[in-house]
file upload_25.cif (mmCIF, C-alpha atoms)
data_run
loop_
_atom_site.label_atom_id
_atom_site.label_comp_id
_atom_site.auth_asym_id
_atom_site.auth_seq_id
_atom_site.Cartn_x
_atom_site.Cartn_y
_atom_site.Cartn_z
CA ALA Y 121 36.83 -2.76 10.65
CA GLN Y 122 38.06 -0.73 13.57
CA LYS Y 123 35.29 1.10 15.37
CA ILE Y 124 37.57 3.94 16.45
CA THR Y 125 40.68 4.92 14.52
CA GLN Y 126 43.33 7.26 15.83
CA THR Y 127 46.00 7.56 13.18
CA GLN Y 128 48.54 9.64 15.11
CA PRO Y 129 50.55 7.44 17.48
CA GLY Y 130 52.50 10.45 18.73
CA MET Y 131 52.59 14.22 18.39
CA PHE Y 132 55.03 16.89 19.52
CA VAL Y 133 53.66 20.41 19.90
CA GLN Y 134 55.23 23.66 21.08
CA GLU Y 135 53.78 25.07 24.28
CA LYS Y 136 50.97 27.62 23.73
CA GLU Y 137 50.20 26.32 20.26
CA ALA Y 138 46.87 24.72 19.37
CA VAL Y 139 46.80 21.01 18.61
CA THR Y 140 44.31 18.78 16.81
CA LEU Y 141 44.07 15.09 17.62
CA ASP Y 142 42.34 13.02 14.97
CA CYS Y 143 39.60 10.46 15.51
CA THR Y 144 37.41 8.68 12.99
CA TYR Y 145 34.69 6.26 13.88
CA ASP Y 146 32.60 3.57 12.26
CA THR Y 147 29.03 2.81 13.22
CA SER Y 148 25.70 2.08 11.55
CA ASP Y 149 23.73 3.34 14.55
CA GLN Y 150 22.02 6.69 14.26
CA SER Y 151 22.31 7.31 17.98
CA TYR Y 152 25.80 7.31 19.44
CA GLY Y 153 28.08 9.33 21.66
CA LEU Y 154 31.72 10.24 21.27
CA PHE Y 155 34.07 10.87 24.16
CA TRP Y 156 37.62 12.01 24.64
CA TYR Y 157 39.68 10.94 27.61
CA LYS Y 158 43.15 11.98 28.78
CA GLN Y 159 45.44 9.44 30.43
CA PRO Y 160 48.51 10.88 32.18
CA SER Y 161 51.39 8.63 33.12
CA SER Y 162 49.67 7.97 36.46
CA GLY Y 163 47.15 5.82 34.56
CA GLU Y 164 43.82 7.39 35.44
CA MET Y 165 41.46 8.09 32.52
CA ILE Y 166 40.19 11.66 32.78
CA PHE Y 167 36.97 12.55 30.93
CA LEU Y 168 37.41 15.66 28.77
CA ILE Y 169 34.49 16.18 26.42
CA TYR Y 170 31.39 14.56 24.93
CA GLN Y 171 29.61 14.91 21.58
CA GLY Y 172 26.24 13.32 20.87
CA SER Y 173 25.31 12.21 17.37
CA TYR Y 174 22.27 14.49 17.38
CA ASP Y 175 24.11 17.52 18.74
CA GLU Y 176 24.07 20.23 16.11
CA GLN Y 177 26.83 22.28 17.64
CA ASN Y 178 30.38 21.25 18.33
CA ALA Y 179 31.03 20.56 21.99
CA THR Y 180 33.34 22.84 23.96
CA GLU Y 181 34.78 22.51 27.47
CA GLY Y 182 37.24 25.21 28.41
CA ARG Y 183 40.35 24.80 26.24
CA TYR Y 184 38.92 21.64 24.66
CA SER Y 185 36.64 21.61 21.67
CA LEU Y 186 35.43 18.80 19.46
CA ASN Y 187 35.37 19.27 15.71
CA PHE Y 188 32.45 17.00 14.82
CA GLN Y 189 31.99 16.21 11.12
CA LYS Y 190 29.19 13.68 11.02
CA ALA Y 191 29.22 12.98 7.29
CA ARG Y 192 32.94 12.23 7.43
CA LYS Y 193 32.53 10.31 10.72
CA SER Y 194 35.25 12.28 12.39
CA ALA Y 195 35.43 13.73 15.89
CA ASN Y 196 38.73 15.52 16.27
CA LEU Y 197 39.80 17.00 19.59
CA VAL Y 198 41.21 20.51 19.51
CA ILE Y 199 43.24 21.79 22.45
CA SER Y 200 43.85 25.50 22.38
CA ALA Y 201 46.88 27.20 23.96
CA SER Y 202 48.58 23.95 24.93
CA GLN Y 203 50.27 23.66 28.32
CA LEU Y 204 53.02 21.38 29.60
CA GLY Y 205 50.42 19.58 31.71
CA ASP Y 206 48.62 18.52 28.53
CA SER Y 207 51.35 15.96 27.85
CA ALA Y 208 49.56 12.60 28.09
CA MET Y 209 47.86 9.85 26.10
CA TYR Y 210 44.56 10.87 24.57
CA PHE Y 211 41.85 8.35 23.74
CA CYS Y 212 38.77 8.74 21.59
CA ALA Y 213 35.86 6.47 22.52
CA MET Y 214 32.36 5.72 21.27
CA ARG Y 215 29.16 4.43 22.82
CA GLU Y 216 26.88 3.05 20.11
CA GLY Y 217 23.13 2.76 20.13
CA LEU Y 218 20.53 3.30 22.81
CA GLY Y 219 20.91 1.32 26.01
CA ASN Y 220 24.45 0.25 25.21
CA GLU Y 221 26.78 0.66 28.14
CA LYS Y 222 30.08 -0.29 26.54
CA LEU Y 223 32.69 2.26 25.48
CA THR Y 224 34.91 1.28 22.57
CA PHE Y 225 38.27 3.01 22.60
CA GLY Y 226 40.86 3.80 19.96
CA THR Y 227 44.54 3.07 20.39
CA GLY Y 228 45.32 6.58 21.53
CA THR Y 229 47.67 9.43 20.64
CA ARG Y 230 50.62 10.32 22.83
CA LEU Y 231 50.87 14.12 23.00
CA THR Y 232 54.09 15.73 24.15
CA ILE Y 233 54.18 19.47 24.75
CA ILE Y 234 57.62 21.02 24.23
CA PRO Y 235 58.54 24.08 26.34
CA ASP N 170 38.33 12.53 47.51
CA THR N 171 34.99 11.50 46.02
CA GLY N 172 36.24 9.87 42.83
CA VAL N 173 36.46 6.21 41.89
CA SER N 174 39.02 4.34 43.98
CA GLN N 175 40.74 1.04 43.28
CA ASP N 176 42.78 -1.23 45.46
CA PRO N 177 45.51 -2.34 45.17
CA ARG N 178 47.20 0.01 42.75
CA HIS N 179 49.84 -2.56 41.87
CA LYS N 180 49.90 -6.33 42.14
CA ILE N 181 52.69 -8.75 41.29
CA THR N 182 51.80 -12.42 41.39
CA LYS N 183 53.09 -15.73 40.18
CA ARG N 184 51.42 -17.64 37.42
CA GLY N 185 48.69 -19.88 38.74
CA GLN N 186 47.84 -17.73 41.75
CA ASN N 187 44.44 -16.09 42.29
CA VAL N 188 44.13 -12.33 42.61
CA THR N 189 41.26 -10.05 43.62
CA PHE N 190 40.84 -6.37 42.91
CA ARG N 191 38.42 -3.97 44.52
CA CYS N 192 36.66 -0.93 43.08
CA ASP N 193 34.70 1.70 45.00
CA PRO N 194 32.61 3.83 42.63
CA ILE N 195 31.44 7.40 43.07
CA SER N 196 28.84 7.09 45.80
CA GLU N 197 25.66 8.00 43.92
CA HIS N 198 26.58 6.11 40.74
CA ASN N 199 24.55 2.96 40.15
CA ARG N 200 26.51 1.74 37.13
CA LEU N 201 29.94 0.19 37.47
CA TYR N 202 32.25 -1.00 34.70
CA TRP N 203 35.45 -3.01 34.42
CA TYR N 204 37.91 -2.54 31.56
CA ARG N 205 41.30 -4.04 30.80
CA GLN N 206 44.11 -2.09 29.16
CA THR N 207 47.24 -3.70 27.76
CA LEU N 208 50.38 -1.84 26.75
CA GLY N 209 49.89 0.40 23.74
CA GLN N 210 46.15 -0.19 23.54
CA GLY N 211 43.02 1.56 24.64
CA PRO N 212 40.86 0.07 27.38
CA GLU N 213 38.72 -2.93 26.44
CA PHE N 214 35.34 -3.51 28.03
CA LEU N 215 35.03 -6.52 30.33
CA THR N 216 31.73 -6.25 32.18
CA TYR N 217 29.26 -3.90 33.78
CA PHE N 218 26.79 -3.77 36.65
CA GLN N 219 23.65 -1.81 37.19
CA ASN N 220 23.23 -1.80 40.94
CA GLU N 221 24.04 -5.39 41.97
CA ALA N 222 23.03 -7.00 38.66
CA GLN N 223 25.77 -7.95 36.20
CA LEU N 224 24.10 -7.11 32.89
CA GLU N 225 26.78 -7.64 30.29
CA LYS N 226 30.01 -9.60 30.00
CA SER N 227 32.54 -9.43 27.20
CA ARG N 228 33.89 -12.56 25.54
CA LEU N 229 37.24 -11.34 26.90
CA LEU N 230 35.98 -12.36 30.33
CA SER N 231 36.99 -16.02 30.37
CA ASP N 232 35.69 -18.45 32.98
CA ARG N 233 38.76 -17.65 35.08
CA PHE N 234 37.41 -14.17 35.63
CA SER N 235 34.54 -13.36 37.93
CA ALA N 236 33.14 -10.03 39.03
CA GLU N 237 30.69 -9.23 41.77
CA ARG N 238 28.91 -6.23 43.19
CA PRO N 239 27.03 -7.78 46.06
CA LYS N 240 25.32 -4.75 47.59
CA GLY N 241 25.32 -2.48 44.60
CA SER N 242 28.19 -0.42 45.98
CA PHE N 243 31.78 -1.67 45.68
CA SER N 244 32.79 -4.36 43.20
CA THR N 245 35.45 -7.05 43.11
CA LEU N 246 37.14 -8.62 40.11
CA GLU N 247 38.79 -11.98 40.72
CA ILE N 248 41.16 -13.75 38.36
CA GLN N 249 41.77 -17.41 39.11
CA ARG N 250 44.84 -19.35 37.98
CA THR N 251 46.50 -16.25 36.57
CA GLU N 252 48.42 -16.47 33.31
CA GLN N 253 51.14 -14.19 31.98
CA GLY N 254 48.67 -12.91 29.39
CA ASP N 255 46.57 -11.48 32.22
CA SER N 256 49.25 -8.85 32.85
CA ALA N 257 47.51 -5.55 32.21
CA MET N 258 45.99 -2.48 33.82
CA TYR N 259 42.50 -3.19 35.17
CA LEU N 260 40.37 -0.08 35.17
CA CYS N 261 37.09 0.46 36.96
CA ALA N 262 34.63 3.19 36.03
CA SER N 263 31.25 4.35 37.28
CA SER N 264 28.37 6.34 35.88
CA LEU N 265 24.99 7.62 36.91
CA ARG N 266 23.31 7.23 33.53
CA SER N 267 24.04 5.44 30.29
CA THR N 268 22.41 7.80 27.85
CA GLY N 269 23.40 11.14 26.50
CA ARG N 270 26.34 12.98 27.88
CA TRP N 271 26.73 10.93 31.03
CA ALA N 272 30.37 9.99 31.01
CA GLN N 273 32.02 7.05 32.68
CA TYR N 274 34.42 8.22 35.37
CA PHE N 275 37.48 6.06 35.83
CA GLY N 276 39.58 5.12 38.80
CA PRO N 277 43.40 5.04 38.86
CA GLY N 278 43.53 1.37 37.86
CA THR N 279 45.22 -1.73 39.24
CA ARG N 280 48.36 -2.70 37.40
CA LEU N 281 48.80 -6.48 37.40
CA LEU N 282 52.05 -8.25 36.57
CA VAL N 283 52.01 -12.03 36.34
CA LEU N 284 55.44 -13.63 36.53
#
call {"tool": "encode", "arguments": {"input": "upload_25.cif", "output": "structure tokens"}}
result
Amino acid sequence: AQKITQTQPGMFVQEKEAVTLDCTYDTSDQSYGLFWYKQPSSGEMIFLIYQGSYDEQNATEGRYSLNFQKARKSANLVISASQLGDSAMYFCAMREGLGNEKLTFGTGTRLTIIP
Amino acid sequence: DTGVSQDPRHKITKRGQNVTFRCDPISEHNRLYWYRQTLGQGPEFLTYFQNEAQLEKSRLLSDRFSAERPKGSFSTLEIQRTEQGDSAMYLCASSLRSTGRWAQYFGPGTRLLVL
């Protein structure tokens, strides 16, 4: 089974609208962390937001928030008031267990913001 | 610029040649990671170092691949006898911690094309 599933290969969103990027994960560990990264066409992976498995509140970072539904094993990224500069690939990733260094990534969602 | 840097940014080589990539992490980060990303996929973990010690290697890292971090600062990734299947983006990341909300911060990547 895939550890991280991103079911939306591509999305087109009007500028200034909010957008939700889906991510579901699969783990049997109780302790894990979920990350979202943005990858513009330049190639660099930019860290956006983190959610820990024991965090009771959804993470927020500026225009980014993470809709964490632990029972459903989903960690959707919400971008409010989208901007043209948000056009990029977005990857969900997970670090499982204590002491594990490896990030496992999904296949990504290509977001295009339309002016 | 105090981010992760990688050199070269692009490399074209002929099959059978050896190539070496360099990564300079964020200066205070003691953990360094290498990932490989092929077209349409998320990054896949290759290996990681804590200081100068290489603590984990993926099965993706065949015996043609070797990584070093001799003084616990910069790292090199060498691919011997390159094959066309080695064509990919090679991403380096660094981190200060592995637990909690300590993210891995990525460099711009080295894009390798094997002809």
call {"tool": "interface_residues", "arguments": {"input": "upload_25.cif", "of": "chain Y", "to": "chain N", "cutoff": "9 Å", "atoms": "only C-alpha atoms", "output": "ChimeraX atom specification"}}
result
/Y:152-155,162-167,169-172,211-213,218-228
call {"tool": "resolve_selection", "arguments": {"input": "upload_25.cif", "expression": "the PyMOL selection byres ((chain N and resi 179-186) around 12)", "output": "VMD selection string"}}
result
(chain Y and resid 162 to 163) or (chain N and resid 175 to 178 187 to 191 233 247 to 260 277 to 284)
call {"tool": "residues_around", "arguments": {"input": "upload_25.cif", "residues": "Ser196 (chain N)", "least_positions_apart": "6", "cutoff": "10 Å", "atoms": "all atoms listed in the file", "output": "ChimeraX atom specification"}}
result
/N:171-173,242-243,263-265
call {"tool": "axis_aligned_box", "arguments": {"input": "upload_25.cif", "around": "region 170-187 of chain N", "padding_each_side": "8 Å", "output": "JSON"}}
result
{"center_x": 44.0, "center_y": -3.7, "center_z": 42.5, "size_x": 34.1, "size_y": 48.4, "size_z": 26.1}
call {"tool": "residues_around", "arguments": {"input": "upload_25.cif", "residues": "Met209 (chain Y)", "least_positions_apart": "3", "cutoff": "7 Å", "atoms": "only C-alpha atoms", "output": "ChimeraX atom specification"}}
result
/Y:158-160,228-231
call {"tool": "atom_distance", "arguments": {"input": "upload_25.cif", "atom1": "CA of Glu135 (chain Y)", "atom2": "CA of Gly205 (chain Y)"}}
result
9.8 Å
call {"tool": "atom_distance", "arguments": {"input": "upload_25.cif", "atom1": "CA of Phe132 (chain Y)", "atom2": "CA of Ile233 (chain Y)"}}
result
5.9 Å
call {"tool": "atom_distance", "arguments": {"input": "upload_25.cif", "atom1": "CA of Ser174 (chain N)", "atom2": "CA of Glu181 (chain Y)"}}
result
24.9 Å
call {"tool": "closest_residue", "arguments": {"input": "upload_25.cif", "among": "Y:Ala179, Y:Leu168, Y:Leu141, Y:Met214", "to": "Leu197 (chain Y)", "atoms": "only C-alpha atoms"}}
result
Y:Leu141
call {"tool": "resolve_selection", "arguments": {"input": "upload_25.cif", "expression": "the PyMOL selection byres ((chain Y and resi 202) around 6)", "output": "PyMOL selection string"}}
result
chain Y and resi 135-138+200-201+203
call {"tool": "closest_residue", "arguments": {"input": "upload_25.cif", "among": "N:Pro194, N:Asn199, N:Leu246, N:Thr207", "to": "Leu230 (chain N)", "atoms": "all atoms listed in the file"}}
result
N:Leu246
call {"tool": "residues_around", "arguments": {"input": "upload_25.cif", "residues": "Ile199 (chain Y)", "least_positions_apart": "2", "cutoff": "6 Å", "atoms": "all atoms listed in the file", "output": "PyMOL selection string"}}
result
chain Y and resi 138-139+183-184
call {"tool": "resolve_selection", "arguments": {"input": "upload_25.cif", "expression": "the PyMOL selection byres ((chain Y and resi 188) around 10)", "output": "list in words"}}
result
Cys143, Thr144, Leu154, Gln171, Gly172, Ser173, Asp175, Glu176, Gln177, Asn178, Ala179, Ser185, Leu186, Asn187, Gln189, Lys190, Ala191, Arg192, Lys193, Ser194, Ala195, Asn196 and Leu197 of chain Y
